[in-house]
Each structure stands twice: as structure tokens, then as C-alpha cells.
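Enquirer: My questions will all concern the structure given below.
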Amino acid sequence: MVRVRFAPSPTGYLHIGSARTALFNWVYARRHGGKFLLRIEDTDIARSESRFLDEIMTDLKWLGINWDEEPINQSKRFDVYRAAAENLVKSGKAYREGEAYIFRMPAGRVIEIDDMIHGKVSFNTDDIKDQVMIKSDGSPAYNFCCVVDDAYLKITHIIRGDDHLSNTPKQVLFYEALGLKTPEFGHMPLIMGSDGAKLSKRHGGVSVEEYKAEGYLPAALVNYLLLLGWSPGGDREILGLDEAVKIFDIKNMTGVQAKFDLQKLKWMNGEYLAKEKAENLLPLIKRQMADAAKSANCPDDALLRLIDLYRVRIKTLREFVPATDHFFGDGYSVDEAGVEKHLKPPESKKILLDFADLLDKVDDFSHARLEEACRLMAETKKIKAGRIIHPTRVAISGKTTGAGLFEMMEILGKSKVIERMRRAGA
Ligand code: GLU
């Protein structure tokens with residue numbers, strides 16, 4: 001039976017590249033009816049923190065990744081590693097140096113790995129020095145405890161980042177020395193920034209938690225990560241975990257580095273936002289409003305209408321608050337270039353005031369009725385409707401873009417709309 005694992009070190013938040021590693025392991029397990037395990041690599045006691053572990057687990061669940069079996073912590077297994085190292089000393093494959101246990105690298109051996117993604121890769125042990133298994137402070141070295149635990153957990157396939165490829169020959173030698181069966185390996189190319197450099201904050205964020213806070217939907221982030229290094233075939237781009245589980249084949253993963261394209265992720269998030277039910281977005285939008293310290297004393301039904309109007313226009317949930325600030329009081333942001341262009345010309349001011357007077361007589365302040373009033377005025381004055389629409393939009397929202405003008409006016413209500421138009425036209 002397929003058994004894979006994700007082995008995070010709780011020394012920081014869940015990196016977007018690690019999230020992708022976890023995702024592909026999970027998809028691989030589910031695809032093959034196997035198990036996906038979690039192992040906590042907390043051997044660095046000083047740097048490991050429970051708040052990081054909590055956040056990693058929360059983020060994995062948020063992405064839709066669940067694990068089988070109780071996770072194990074390496075920090076609780078130091079005795080096991082020491083006993084294994086002790087055996088290698090007894091059999092002459094390792095030696096002690098003070099408190100440390102060191103593995104003697106055999107000379108002149110070629111270690112060949114048939115990688116599931118890269119194919120055959122070989123290493124010569126002459127290029128590898130003796131390996132520390134247990135450090136002098138008693139903590140195990142990554143390569144050694146990784147092997148002891150992968151064997152203990154009966155892991156059949158190890159899917160991880162390319163940054164571990166050079167560790168693999170060392171691990172293969174440990175399997176051999178300990179008399180254990182070597183699993184299959186698959187090393188995924190790392191995710192690079194759009195400029196080809198190592199992914200860093202300037203490329204848009206490196207942790208899942210940052211993307212969550214920014215207002216990306218988990219399904220969109222998952223979908224985007226699935227396409228980094230794997231293709232479902234054809235032009236297909238929108239797919240979820242369930243579909244990936246049905247069609248995933250590790251052979252279709254590329255060995256070429258994947259570039260993180262924030263614009264594409266934004267586009268994808270926009271697609272998911274547009275499809276999502278407004279009720280499901282409501283709590284997330286409320287969170288954004290609370291984070292932005294915007295009063296959320298807007299009734300749910302009014303907020304739902306705004307969400308319906310704006311979710312097709314925003315790419316992340318965080319964009320909602322600045323895009324809709326004019327619905328929440330008069331302290332909204334104003335696009336000065338828009339004011340200059342659409343509100344400064346005296347003829348625009350005149351049109352604005354005339355339209356305000358006309359609207360004053362409209363009782364049914366519905367978007368359909370407002371649109372009709374605008375069209376009639378344009379016809380009467382023999383001007384293009386845009387000459388009315390643009391100044392009105394800037395007057396009531398401070399912006400040159402946004403939702404449909406008449407829908408916005410309907411939601412803002414008659415008195416607010418007329419007040420803002422008269423102020424701008426004065
Ligand atoms: N803790 C290691 C890492 O996060 C795990 C590597 C592995 O999967 O073997 O890179």
C-alpha cells in the first residue's frame with residue numbers, strides 16, 4: 001500500500017513551496033488509495049515553536065489536506081535514533097567522535113537513484129564526506145533521523161523538493177547500512193520567483209498564511225499550486241483536488257523549475273471569487289473589514305448585495321474594502337486624476353447639478369429607473385450618456401471604476417447620492 005508523508009519543521013510558517021509538496025503527496029496518496037502521514041521534524045528544539053506547528057496544521061486543513069494516523073514528533077524519538085546509530089558503530093559502519101556518532105562514507109561507490117520525476121540520477125560517494133548521524137548535543141542530523149522514521153512509518157514513496165536531491169544518496173546509504181528497504185523517490189523542482197530567483201517576499205509572499213490574509217480562497221491557491229510543475233493535460237487550468245485525485249500521474253510532472261506567477265494566481269482567485277456563493281464570502285469579507293478596522297455594522301443583507309456586485313471585480317478579498325469604502329461613510333478615498341478630468345470642467349458640474357435635480361424628483365430609486373432617467377436626460381440634452389455617468393460616478397464614489405453606476409446609486413440611496421452630487425457640482 002502506498003504510504004507517503006509530509007515532514008514540516010515547525011520553525012516558521014507553512015511555505016508556499018512546502019504547501020505544494022504536501023499537496024502532491026496528498027494527491028498521490030489519495031490517487032493510489034494509500035495513506036498520507038504527517039511527521040513533525042522538530043529536532044531543533046530551540047527554533048521549533050508550537051505556534052508554528054498550530055499554524056502549519058491549520059493551513060494544511062484550510063487547503064483541504066487531511067492526514068491519516070497520529071502525527072509523530074522527532075523530538076520524542078531521540079533514543080530511537082541513538083540506538084540505531086549505536087548499532088552502526090557496533091557493526092563498524094560508523095564511529096564516535098566525542099558525543100557525536102558519525103557514519104563512515106564508503107569509498108568509490110556509485111549510488112544510482114531512479115527518480116520518479118527526474119529519471120536516473122547518480123552520485124559518487126567519493127564526493128560525499130562522512131556523515132554526522134547524532135550531533136554532539138545529542139540531537140539527530142536530518143538525513144539520519146529522516147531515514148529511521150521513514151522506515152518506521154513504512155513510507156513507500158518520498159515526494160519532496162529538489163533541494164533534497166543531494167541528500168538522497170546519503171539517505172540511500174543509511175537504508176542500506178541499517179538493512180532497510182529503500183523507498184521510491186521523486187524530487188519536485190522548486191518554485192522560483194517570476195525573475196528566476198529564489199521565491200521571496202518581494203515576489204508576493206512566501207507563506208500560505210500571507211495568502212490567506214490577503215484574501216485568496218483555498219481552492220484557488222490549491223488549483224494554482226497544482227499547476228506548478230504538473231499539467232492535467234490539454235488547456236485545462238481550472239481544477240480542484242477531487243479532480244486532481246482522479247487523474248494525477250506523477251509521470252506528468254515536469255523536472256523543470258516552475259515560476260510563481262502572482263498575476264496568474266490573482267486571475268485564478270478572481271475566477272473562484274466570481275463563482276463562489278455570496279453567503280460563503282460573507283464571513284471572509286467581514287474578517288477583511290475587521291482587519292481594516294472598518295465598521296462592520298452594515299447589515300448582512302446590504303453587505304451581501306455589495307459582495308454580489310463586487311466579487312466579479314476584485315481579485316482578492318482584501319481588495320473589497322478599498323473598492324467599497326464609499327458605501328461606508330464619507331471618508332472614502334478619492335482618485336484625484338478622476339476628479340480633475342470629470343469634475344473640474346464647469347460643463348460637467350452643470351450636468352451633475354441638473355442630473356441631481358432630476359433625481360430629486362425620482363421616487364423609485366431603483367437601478368432600472370435611474371438608468372432610464374439618465375438616458376432620458378442624455379436624449380433631451382443631446383449628449384452622450386457617458387457625459388452624465390462619469391462625473392456622477394466620481395461624485396458619489398471618488399473613483400473612476402467600480403460596480404455599475406446605477407446599482408451603486410440604488411444601494412447608496414437617494415439622499416446620499418444627491419448630497420454627494422450637489423457637493424461635487426458646487
Ligand atoms: N523537514 C524537511 C523539510 O522541510 C523534510 C524533508 C523531507 O521531506 O525529507 O525540508
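Ordering of the C-alpha cells sets the chain letters (A, B, ...); residue numbers start at 1 within each chain; ligands are numbered from 1 in the order shown.
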Env of Leu265 in chain A: 8 Å cut, atoms = only C-alpha atoms, seq-sep filter 3 positions within chain, self excluded. Answer as a PyMOL selection string.
Expert: chain A and resi 220-221+224+261-262+268-269
Enquirer: Output C-alpha atoms for every residue in the selection just made, as a tab-separated table (two decimals), in the first residue's frame.
Expert:
chain	number	residue	atom	x	y	z
A	220	ALA	CA	-7.82	28.96	-5.89
A	221	LEU	CA	-4.46	28.61	-4.18
A	224	TYR	CA	-2.72	27.32	-8.78
A	261	ASP	CA	3.25	34.00	-11.34
A	262	LEU	CA	1.32	36.22	-8.96
A	268	MET	CA	-7.42	32.37	-10.79
A	269	ASN	CA	-8.60	33.72	-7.46
Enquirer: Could you build a table of the residues in chain A lying no more than 9 Å from ligand 1, giving for each the nearest pair of atoms and their separation in Å rounded to one decimal place, using only C-alpha atoms and all ligand atoms, ordered by chain and ascending residue number, as JSON lines?
Expert:
{"residue": "A:Arg5", "atom": "CA", "partner": "ligand 1", "partner_atom_place_in_ligand_line": "8 (O)", "distance": 7.5}
{"residue": "A:Phe6", "atom": "CA", "partner": "ligand 1", "partner_atom_place_in_ligand_line": "8 (O)", "distance": 6.1}
{"residue": "A:Ala7", "atom": "CA", "partner": "ligand 1", "partner_atom_place_in_ligand_line": "5 (C)", "distance": 4.7}
{"residue": "A:Pro8", "atom": "CA", "partner": "ligand 1", "partner_atom_place_in_ligand_line": "4 (O)", "distance": 4.5}
{"residue": "A:Ser9", "atom": "CA", "partner": "ligand 1", "partner_atom_place_in_ligand_line": "1 (N)", "distance": 4.8}
{"residue": "A:Pro10", "atom": "CA", "partner": "ligand 1", "partner_atom_place_in_ligand_line": "1 (N)", "distance": 8.6}
{"residue": "A:Ser18", "atom": "CA", "partner": "ligand 1", "partner_atom_place_in_ligand_line": "4 (O)", "distance": 7.0}
{"residue": "A:Thr21", "atom": "CA", "partner": "ligand 1", "partner_atom_place_in_ligand_line": "8 (O)", "distance": 8.4}
{"residue": "A:Arg39", "atom": "CA", "partner": "ligand 1", "partner_atom_place_in_ligand_line": "1 (N)", "distance": 8.5}
{"residue": "A:Ile40", "atom": "CA", "partner": "ligand 1", "partner_atom_place_in_ligand_line": "1 (N)", "distance": 7.7}
{"residue": "A:Glu41", "atom": "CA", "partner": "ligand 1", "partner_atom_place_in_ligand_line": "1 (N)", "distance": 5.4}
{"residue": "A:Asp42", "atom": "CA", "partner": "ligand 1", "partner_atom_place_in_ligand_line": "1 (N)", "distance": 8.3}
{"residue": "A:Tyr142", "atom": "CA", "partner": "ligand 1", "partner_atom_place_in_ligand_line": "1 (N)", "distance": 7.6}
{"residue": "A:Asn143", "atom": "CA", "partner": "ligand 1", "partner_atom_place_in_ligand_line": "9 (O)", "distance": 7.8}
{"residue": "A:Cys146", "atom": "CA", "partner": "ligand 1", "partner_atom_place_in_ligand_line": "9 (O)", "distance": 6.2}
{"residue": "A:Val147", "atom": "CA", "partner": "ligand 1", "partner_atom_place_in_ligand_line": "9 (O)", "distance": 8.5}
{"residue": "A:Asp150", "atom": "CA", "partner": "ligand 1", "partner_atom_place_in_ligand_line": "9 (O)", "distance": 8.7}
{"residue": "A:Ile158", "atom": "CA", "partner": "ligand 1", "partner_atom_place_in_ligand_line": "8 (O)", "distance": 6.9}
{"residue": "A:Ile159", "atom": "CA", "partner": "ligand 1", "partner_atom_place_in_ligand_line": "8 (O)", "distance": 6.9}
{"residue": "A:Arg160", "atom": "CA", "partner": "ligand 1", "partner_atom_place_in_ligand_line": "8 (O)", "distance": 5.1}
{"residue": "A:Gly161", "atom": "CA", "partner": "ligand 1", "partner_atom_place_in_ligand_line": "8 (O)", "distance": 7.4}
{"residue": "A:Asp163", "atom": "CA", "partner": "ligand 1", "partner_atom_place_in_ligand_line": "10 (O)", "distance": 7.8}
{"residue": "A:His164", "atom": "CA", "partner": "ligand 1", "partner_atom_place_in_ligand_line": "6 (C)", "distance": 6.7}
{"residue": "A:Asn167", "atom": "CA", "partner": "ligand 1", "partner_atom_place_in_ligand_line": "9 (O)", "distance": 8.6}
{"residue": "A:Thr168", "atom": "CA", "partner": "ligand 1", "partner_atom_place_in_ligand_line": "9 (O)", "distance": 8.8}
Enquirer: I need the chosen residues saved as a PDB file, in the first residue's frame, with N, CA and C atoms.
Expert:
ATOM      1  N   ARG A   5       4.452  10.816   3.125  1.00  0.00           N
ATOM      2  CA  ARG A   5       4.421  11.712   4.294  1.00  0.00           C
ATOM      3  C   ARG A   5       4.819  13.116   3.909  1.00  0.00           C
ATOM      4  N   PHE A   6       4.377  14.038   4.760  1.00  0.00           N
ATOM      5  CA  PHE A   6       4.813  15.425   4.663  1.00  0.00           C
ATOM      6  C   PHE A   6       5.507  15.692   5.991  1.00  0.00           C
ATOM      7  N   ALA A   7       6.730  16.260   5.910  1.00  0.00           N
ATOM      8  CA  ALA A   7       7.553  16.351   7.122  1.00  0.00           C
ATOM      9  C   ALA A   7       7.992  17.783   7.407  1.00  0.00           C
ATOM     10  N   PRO A   8       7.074  18.616   7.867  1.00  0.00           N
ATOM     11  CA  PRO A   8       7.452  20.016   8.106  1.00  0.00           C
ATOM     12  C   PRO A   8       8.280  20.213   9.368  1.00  0.00           C
ATOM     13  N   SER A   9       9.131  21.215   9.342  1.00  0.00           N
ATOM     14  CA  SER A   9       9.852  21.631  10.547  1.00  0.00           C
ATOM     15  C   SER A   9       9.101  22.848  11.089  1.00  0.00           C
ATOM     16  N   PRO A  10       8.639  22.791  12.320  1.00  0.00           N
ATOM     17  CA  PRO A  10       7.840  23.914  12.839  1.00  0.00           C
ATOM     18  C   PRO A  10       8.696  25.083  13.306  1.00  0.00           C
ATOM     19  N   SER A  18       6.375  24.383   0.373  1.00  0.00           N
ATOM     20  CA  SER A  18       6.091  23.210   1.212  1.00  0.00           C
ATOM     21  C   SER A  18       4.629  22.813   1.072  1.00  0.00           C
ATOM     22  N   THR A  21       4.400  20.753  -1.872  1.00  0.00           N
ATOM     23  CA  THR A  21       4.906  19.406  -1.587  1.00  0.00           C
ATOM     24  C   THR A  21       3.838  18.581  -0.870  1.00  0.00           C
ATOM     25  N   ARG A  39       4.707  14.109   9.692  1.00  0.00           N
ATOM     26  CA  ARG A  39       5.775  13.893  10.665  1.00  0.00           C
ATOM     27  C   ARG A  39       6.357  15.255  11.022  1.00  0.00           C
ATOM     28  N   ILE A  40       6.454  15.509  12.288  1.00  0.00           N
ATOM     29  CA  ILE A  40       6.921  16.816  12.734  1.00  0.00           C
ATOM     30  C   ILE A  40       8.430  16.748  12.971  1.00  0.00           C
ATOM     31  N   GLU A  41       9.177  17.462  12.147  1.00  0.00           N
ATOM     32  CA  GLU A  41      10.639  17.424  12.246  1.00  0.00           C
ATOM     33  C   GLU A  41      11.117  18.544  13.170  1.00  0.00           C
ATOM     34  N   ASP A  42      10.904  18.312  14.444  1.00  0.00           N
ATOM     35  CA  ASP A  42      11.210  19.331  15.453  1.00  0.00           C
ATOM     36  C   ASP A  42      12.475  18.985  16.238  1.00  0.00           C
ATOM     37  N   TYR A 142      19.421  15.601  10.287  1.00  0.00           N
ATOM     38  CA  TYR A 142      18.231  15.392   9.431  1.00  0.00           C
ATOM     39  C   TYR A 142      18.284  14.095   8.618  1.00  0.00           C
ATOM     40  N   ASN A 143      19.381  13.888   7.865  1.00  0.00           N
ATOM     41  CA  ASN A 143      19.420  12.732   6.959  1.00  0.00           C
ATOM     42  C   ASN A 143      19.249  11.401   7.681  1.00  0.00           C
ATOM     43  N   CYS A 146      15.607  11.100   9.424  1.00  0.00           N
ATOM     44  CA  CYS A 146      14.635  11.026   8.328  1.00  0.00           C
ATOM     45  C   CYS A 146      14.506   9.565   7.858  1.00  0.00           C
ATOM     46  N   VAL A 147      15.641   8.895   7.695  1.00  0.00           N
ATOM     47  CA  VAL A 147      15.637   7.505   7.235  1.00  0.00           C
ATOM     48  C   VAL A 147      15.045   6.582   8.303  1.00  0.00           C
ATOM     49  N   ASP A 150      11.296   7.292   8.246  1.00  0.00           N
ATOM     50  CA  ASP A 150      10.590   6.871   7.030  1.00  0.00           C
ATOM     51  C   ASP A 150      10.448   5.351   7.013  1.00  0.00           C
ATOM     52  N   ILE A 158       8.766   8.828  -1.416  1.00  0.00           N
ATOM     53  CA  ILE A 158       9.148  10.109  -0.829  1.00  0.00           C
ATOM     54  C   ILE A 158       9.105  11.161  -1.926  1.00  0.00           C
ATOM     55  N   ILE A 159       8.141  12.078  -1.797  1.00  0.00           N
ATOM     56  CA  ILE A 159       7.998  13.138  -2.796  1.00  0.00           C
ATOM     57  C   ILE A 159       8.332  14.436  -2.073  1.00  0.00           C
ATOM     58  N   ARG A 160       9.375  15.107  -2.528  1.00  0.00           N
ATOM     59  CA  ARG A 160       9.808  16.331  -1.844  1.00  0.00           C
ATOM     60  C   ARG A 160      10.525  17.240  -2.829  1.00  0.00           C
ATOM     61  N   GLY A 161      11.001  18.365  -2.316  1.00  0.00           N
ATOM     62  CA  GLY A 161      11.607  19.367  -3.189  1.00  0.00           C
ATOM     63  C   GLY A 161      12.999  18.970  -3.666  1.00  0.00           C
ATOM     64  N   ASP A 163      15.568  20.523  -3.475  1.00  0.00           N
ATOM     65  CA  ASP A 163      16.632  20.923  -2.548  1.00  0.00           C
ATOM     66  C   ASP A 163      17.128  19.729  -1.730  1.00  0.00           C
ATOM     67  N   HIS A 164      16.375  18.629  -1.759  1.00  0.00           N
ATOM     68  CA  HIS A 164      16.802  17.440  -1.011  1.00  0.00           C
ATOM     69  C   HIS A 164      17.463  16.379  -1.893  1.00  0.00           C
ATOM     70  N   ASN A 167      20.662  15.106  -0.766  1.00  0.00           N
ATOM     71  CA  ASN A 167      20.606  14.326   0.478  1.00  0.00           C
ATOM     72  C   ASN A 167      20.301  12.855   0.201  1.00  0.00           C
ATOM     73  N   THR A 168      19.672  12.618  -0.940  1.00  0.00           N
ATOM     74  CA  THR A 168      19.151  11.281  -1.202  1.00  0.00           C
ATOM     75  C   THR A 168      20.227  10.179  -1.235  1.00  0.00           C
TER      76      THR A 168
END
Enquirer: I'd like to know which of A:Leu153, A:Ala395, A:Ile411, A:Ala141 is closest to Phe36 in chain A, using only C-alpha atoms.
Expert: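 Closest to Phe36 in chain A of all the choices is A:Leu153.
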Enquirer: Calculated over only C-alpha atoms, which of the candidates A:Gly196, A:Pro345, A:Pro106, A:Pro169 has the smallest distance to Phe123 in chain A?
Expert: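 Counting only C-alpha atoms, the residue closest to Phe123 in chain A is A:Pro169.
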Enquirer: When distances are computed from only C-alpha atoms, which of A:Asn66, A:Thr380, A:Ser333, A:Gln74 shows the smallest separation from Val394 in chain A?
Expert: A:Ser333
Enquirer: If DSSP is run on the backbone, what residues of range 94-262 of chain A are strand (DSSP E)? A reply as a PyMOL selection string would be ideal.
Expert: chain A and resi 94-97+100-103+110-115+119-124+131-134+157-161+184-188+191-192+258-259
Enquirer: Got a sec: who's within 10 Å of Asp330 in chain A, counting only C-alpha atoms, leaving out chain neighbours fewer than 3 positions off, as a ChimeraX atom specification?
Expert: /A:325-327,333,396-398,416,420
Enquirer: So that I can see what lies close to Lys251 in chain A, please list as a list of chain:residue names the residues with an atom at most 10 Å from it, counting only C-alpha atoms and leaving out residues fewer than 4 positions away in the same chain.
Expert: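 Those residues are A:Met116, A:Ile117, A:His118, A:Gly119, A:Gly186, A:Trp230, A:Gly255.
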Enquirer: Which residue, A:Gly108, A:Gly98, A:Gly270, A:Pro140, has the smallest gap to Asp79 in chain A when you use only C-alpha atoms?
Expert: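 Of A:Gly108, A:Gly98, A:Gly270, A:Pro140, the one nearest Asp79 in chain A is A:Pro140, counting only C-alpha atoms.
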Enquirer: Using only C-alpha atoms, which residues sit within 9 Å of range 56-63 of chain A once same-chain residues fewer than 5 positions away are excluded, as a CSV table (one decimal) with all heavy atoms, in the first residue's frame?
Expert:
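Okay, this is what ended up in selection.csv:
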chain,number,residue,atom,x,y,z
A,8,PRO,N,7.1,18.6,7.9
A,8,PRO,CA,7.5,20.0,8.1
A,8,PRO,C,8.3,20.2,9.4
A,8,PRO,O,8.2,19.4,10.3
A,8,PRO,CB,6.1,20.7,8.3
A,8,PRO,CG,5.2,19.7,8.8
A,8,PRO,CD,5.7,18.4,8.2
A,10,PRO,N,8.6,22.8,12.3
A,10,PRO,CA,7.8,23.9,12.8
A,10,PRO,C,8.7,25.1,13.3
A,10,PRO,O,8.6,25.5,14.4
A,10,PRO,CB,7.1,23.3,14.0
A,10,PRO,CG,7.9,22.2,14.5
A,10,PRO,CD,8.7,21.7,13.3
A,12,GLY,N,8.9,27.9,11.4
A,12,GLY,CA,8.3,29.0,10.7
A,12,GLY,C,7.0,28.7,10.1
A,12,GLY,O,6.5,27.5,10.3
A,13,TYR,N,6.4,29.6,9.4
A,13,TYR,CA,5.0,29.3,8.8
A,13,TYR,C,5.2,28.4,7.6
A,13,TYR,O,6.3,28.1,7.1
A,13,TYR,CB,4.4,30.7,8.4
A,13,TYR,CG,4.0,31.5,9.6
A,13,TYR,CD1,4.5,32.8,9.8
A,13,TYR,CD2,3.2,31.0,10.6
A,13,TYR,CE1,4.2,33.5,10.9
A,13,TYR,CE2,2.9,31.7,11.7
A,13,TYR,CZ,3.3,33.0,11.9
A,13,TYR,OH,3.0,33.7,13.0
A,14,LEU,N,4.0,27.9,7.2
A,14,LEU,CA,4.0,27.0,6.0
A,14,LEU,C,4.4,27.7,4.7
A,14,LEU,O,3.6,28.6,4.3
A,14,LEU,CB,2.6,26.3,5.9
A,14,LEU,CG,2.4,25.3,4.8
A,14,LEU,CD1,3.3,24.1,5.1
A,14,LEU,CD2,1.0,24.8,4.8
A,19,ALA,N,3.8,23.8,0.9
A,19,ALA,CA,2.3,23.5,0.8
A,19,ALA,C,2.2,22.7,-0.5
A,19,ALA,O,1.4,21.8,-0.6
A,19,ALA,CB,1.5,24.8,0.7
A,22,ALA,N,3.2,19.2,0.1
A,22,ALA,CA,2.2,18.5,0.9
A,22,ALA,C,1.0,18.1,0.0
A,22,ALA,O,0.5,17.0,0.0
A,22,ALA,CB,1.7,19.4,2.0
A,23,LEU,N,0.6,19.0,-0.9
A,23,LEU,CA,-0.5,18.8,-1.8
A,23,LEU,C,-0.2,17.6,-2.7
A,23,LEU,O,-1.1,16.8,-2.9
A,23,LEU,CB,-0.7,20.0,-2.7
A,23,LEU,CG,-1.7,21.1,-2.4
A,23,LEU,CD1,-1.7,22.2,-3.4
A,23,LEU,CD2,-3.1,20.4,-2.3
A,51,ARG,N,3.4,27.4,18.2
A,51,ARG,CA,2.6,28.3,17.4
A,51,ARG,C,2.8,28.1,15.9
A,51,ARG,O,1.8,28.2,15.1
A,51,ARG,CB,2.8,29.8,17.8
A,51,ARG,CG,4.1,30.3,17.4
A,51,ARG,CD,4.4,31.7,17.8
A,51,ARG,NE,5.7,32.1,17.5
A,51,ARG,CZ,6.1,33.0,16.6
A,51,ARG,NH1,5.2,33.7,15.9
A,51,ARG,NH2,7.4,33.3,16.4
A,208,VAL,N,1.7,30.5,3.2
A,208,VAL,CA,0.3,30.2,3.0
A,208,VAL,C,-0.5,31.3,3.8
A,208,VAL,O,-1.5,31.8,3.3
A,208,VAL,CB,-0.1,28.8,3.4
A,208,VAL,CG1,-1.6,28.6,3.4
A,208,VAL,CG2,0.6,27.8,2.4
A,209,GLU,N,-0.1,31.5,5.0
A,209,GLU,CA,-0.8,32.4,5.9
A,209,GLU,C,-0.9,33.8,5.3
A,209,GLU,O,-1.9,34.5,5.4
A,209,GLU,CB,0.0,32.3,7.2
A,209,GLU,CG,-0.4,33.2,8.3
A,209,GLU,CD,0.5,34.4,8.5
A,209,GLU,OE1,1.6,34.4,7.8
A,209,GLU,OE2,0.2,35.3,9.2
A,212,LYS,N,-3.6,33.7,2.7
A,212,LYS,CA,-4.9,33.6,3.4
A,212,LYS,C,-5.3,35.0,3.8
A,212,LYS,O,-6.5,35.4,3.6
A,212,LYS,CB,-4.8,32.6,4.6
A,212,LYS,CG,-6.1,32.4,5.3
A,212,LYS,CD,-6.2,31.2,6.2
A,212,LYS,CE,-5.0,31.0,7.1
A,212,LYS,NZ,-5.2,30.0,8.1
A,217,LEU,N,-8.8,32.5,-1.9
A,217,LEU,CA,-9.6,31.3,-1.5
A,217,LEU,C,-8.7,30.1,-1.5
A,217,LEU,O,-7.9,29.9,-2.5
A,217,LEU,CB,-10.8,31.2,-2.4
A,217,LEU,CG,-11.8,32.4,-2.4
A,217,LEU,CD1,-12.9,32.1,-3.3
A,217,LEU,CD2,-12.3,32.6,-0.9
A,218,PRO,N,-8.9,29.2,-0.6
A,218,PRO,CA,-8.1,28.0,-0.6
A,218,PRO,C,-8.1,27.2,-1.9
A,218,PRO,O,-7.1,26.7,-2.4
A,218,PRO,CB,-8.6,27.2,0.6
A,218,PRO,CG,-9.9,27.8,1.0
A,218,PRO,CD,-9.8,29.2,0.6
A,219,ALA,N,-9.3,27.1,-2.4
A,219,ALA,CA,-9.5,26.3,-3.7
A,219,ALA,C,-8.7,26.9,-4.8
A,219,ALA,O,-8.1,26.2,-5.7
A,219,ALA,CB,-11.0,26.3,-4.1
A,221,LEU,N,-5.9,28.8,-4.5
A,221,LEU,CA,-4.5,28.6,-4.2
A,221,LEU,C,-4.1,27.2,-4.5
A,221,LEU,O,-3.0,26.9,-5.1
A,221,LEU,CB,-4.2,28.9,-2.7
A,221,LEU,CG,-2.7,29.1,-2.3
A,221,LEU,CD1,-2.0,30.1,-3.2
A,221,LEU,CD2,-2.6,29.5,-0.8
A,222,VAL,N,-4.9,26.2,-4.1
A,222,VAL,CA,-4.7,24.8,-4.4
A,222,VAL,C,-4.6,24.6,-5.9
A,222,VAL,O,-3.7,24.0,-6.4
A,222,VAL,CB,-5.8,23.9,-3.8
A,222,VAL,CG1,-5.8,22.6,-4.4
A,222,VAL,CG2,-5.6,23.8,-2.3
Enquirer: If we count only C-alpha atoms and set the cut-off at 9 Å, which residues sit around Lys414 in chain A, ignoring sequence neighbours fewer than 6 positions away in its own chain? Please answer as an mmCIF file with all heavy atoms, in the first residue's frame.
Expert:
data_model
loop_
_atom_site.group_PDB
_atom_site.id
_atom_site.type_symbol
_atom_site.label_atom_id
_atom_site.label_comp_id
_atom_site.auth_asym_id
_atom_site.auth_seq_id
_atom_site.Cartn_x
_atom_site.Cartn_y
_atom_site.Cartn_z
ATOM 1 N N LEU A 359 -32.976 63.746 -10.398
ATOM 2 C CA LEU A 359 -33.087 62.591 -9.497
ATOM 3 C C LEU A 359 -33.920 62.920 -8.255
ATOM 4 O O LEU A 359 -34.574 62.059 -7.693
ATOM 5 C CB LEU A 359 -31.697 62.111 -9.053
ATOM 6 C CG LEU A 359 -30.800 61.546 -10.149
ATOM 7 C CD1 LEU A 359 -29.453 61.120 -9.568
ATOM 8 C CD2 LEU A 359 -31.466 60.357 -10.841
ATOM 9 N N ASP A 360 -33.879 64.177 -7.880
ATOM 10 C CA ASP A 360 -34.649 64.617 -6.715
ATOM 11 C C ASP A 360 -36.134 64.299 -6.904
ATOM 12 O O ASP A 360 -36.860 64.078 -5.945
ATOM 13 C CB ASP A 360 -34.458 66.132 -6.538
ATOM 14 C CG ASP A 360 -34.315 66.488 -5.066
ATOM 15 O OD1 ASP A 360 -34.513 65.574 -4.229
ATOM 16 O OD2 ASP A 360 -34.015 67.654 -4.764
ATOM 17 N N VAL A 362 -37.228 61.740 -8.605
ATOM 18 C CA VAL A 362 -37.456 60.295 -8.789
ATOM 19 C C VAL A 362 -37.759 59.657 -7.435
ATOM 20 O O VAL A 362 -36.967 59.763 -6.507
ATOM 21 C CB VAL A 362 -36.204 59.627 -9.414
ATOM 22 C CG1 VAL A 362 -36.359 58.117 -9.472
ATOM 23 C CG2 VAL A 362 -35.920 60.190 -10.798
ATOM 24 N N ASP A 363 -38.917 59.014 -7.340
ATOM 25 C CA ASP A 363 -39.269 58.382 -6.060
ATOM 26 C C ASP A 363 -38.747 56.960 -5.985
ATOM 27 O O ASP A 363 -38.235 56.523 -4.970
ATOM 28 C CB ASP A 363 -40.788 58.374 -5.868
ATOM 29 C CG ASP A 363 -41.284 59.793 -5.607
ATOM 30 O OD1 ASP A 363 -40.551 60.546 -4.934
ATOM 31 O OD2 ASP A 363 -42.379 60.144 -6.103
ATOM 32 N N PHE A 365 -36.113 54.761 -6.436
ATOM 33 C CA PHE A 365 -34.664 54.874 -6.651
ATOM 34 C C PHE A 365 -34.045 53.512 -6.990
ATOM 35 O O PHE A 365 -33.081 53.066 -6.379
ATOM 36 C CB PHE A 365 -34.004 55.477 -5.401
ATOM 37 C CG PHE A 365 -32.932 56.496 -5.713
ATOM 38 C CD1 PHE A 365 -33.250 57.721 -6.284
ATOM 39 C CD2 PHE A 365 -31.592 56.232 -5.446
ATOM 40 C CE1 PHE A 365 -32.271 58.659 -6.587
ATOM 41 C CE2 PHE A 365 -30.598 57.151 -5.740
ATOM 42 C CZ PHE A 365 -30.956 58.377 -6.309
#
Enquirer: List as an NGL selection string the protein and nucleic acid residues near Ile389 in chain A, meaning an atom at most 12 Å away when only C-alpha atoms are counted, but skip any in the same chain fewer than 6 places from it.
Expert: :A and (342-343 or 348 or 351-352 or 355-356 or 370-371 or 373-375 or 377-378 or 383 or 395-397 or 399-401 or 404-406 or 408-409 or 421)
Enquirer: What gap, in Å, lies between CA of Arg311 in chain A and CA of Gly402 in chain A?
Expert: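 Straight-line distance from CA of Arg311 in chain A to CA of Gly402 in chain A works out to 10.8 Å.
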Enquirer: Within range 136-292 of chain A, find each residue whose DSSP state, derived from the backbone, is alpha helix (DSSP H), and express the selection as number ranges by chain.
Expert: A: 142-152, 168-177, 208-214, 218-226, 241-247, 262-275, 278-291
Enquirer: Figure out the distance between CA of Ala292 in chain A and CA of Thr392 in chain A, please, to one decimal in Å.
Expert: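 One can read the CA of Thr392 in chain A to CA of Ala292 in chain A distance as 27.1 Å.
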Enquirer: How many Å separate CA of Leu273 in chain A from CA of Gly413 in chain A?
Expert: 26.5 Å
Enquirer: For Asp364 in chain A, which of A:Ala177, A:Ser415, A:Glu97, A:Glu410 is the closest residue, counting only C-alpha atoms?
Expert: A:Glu410
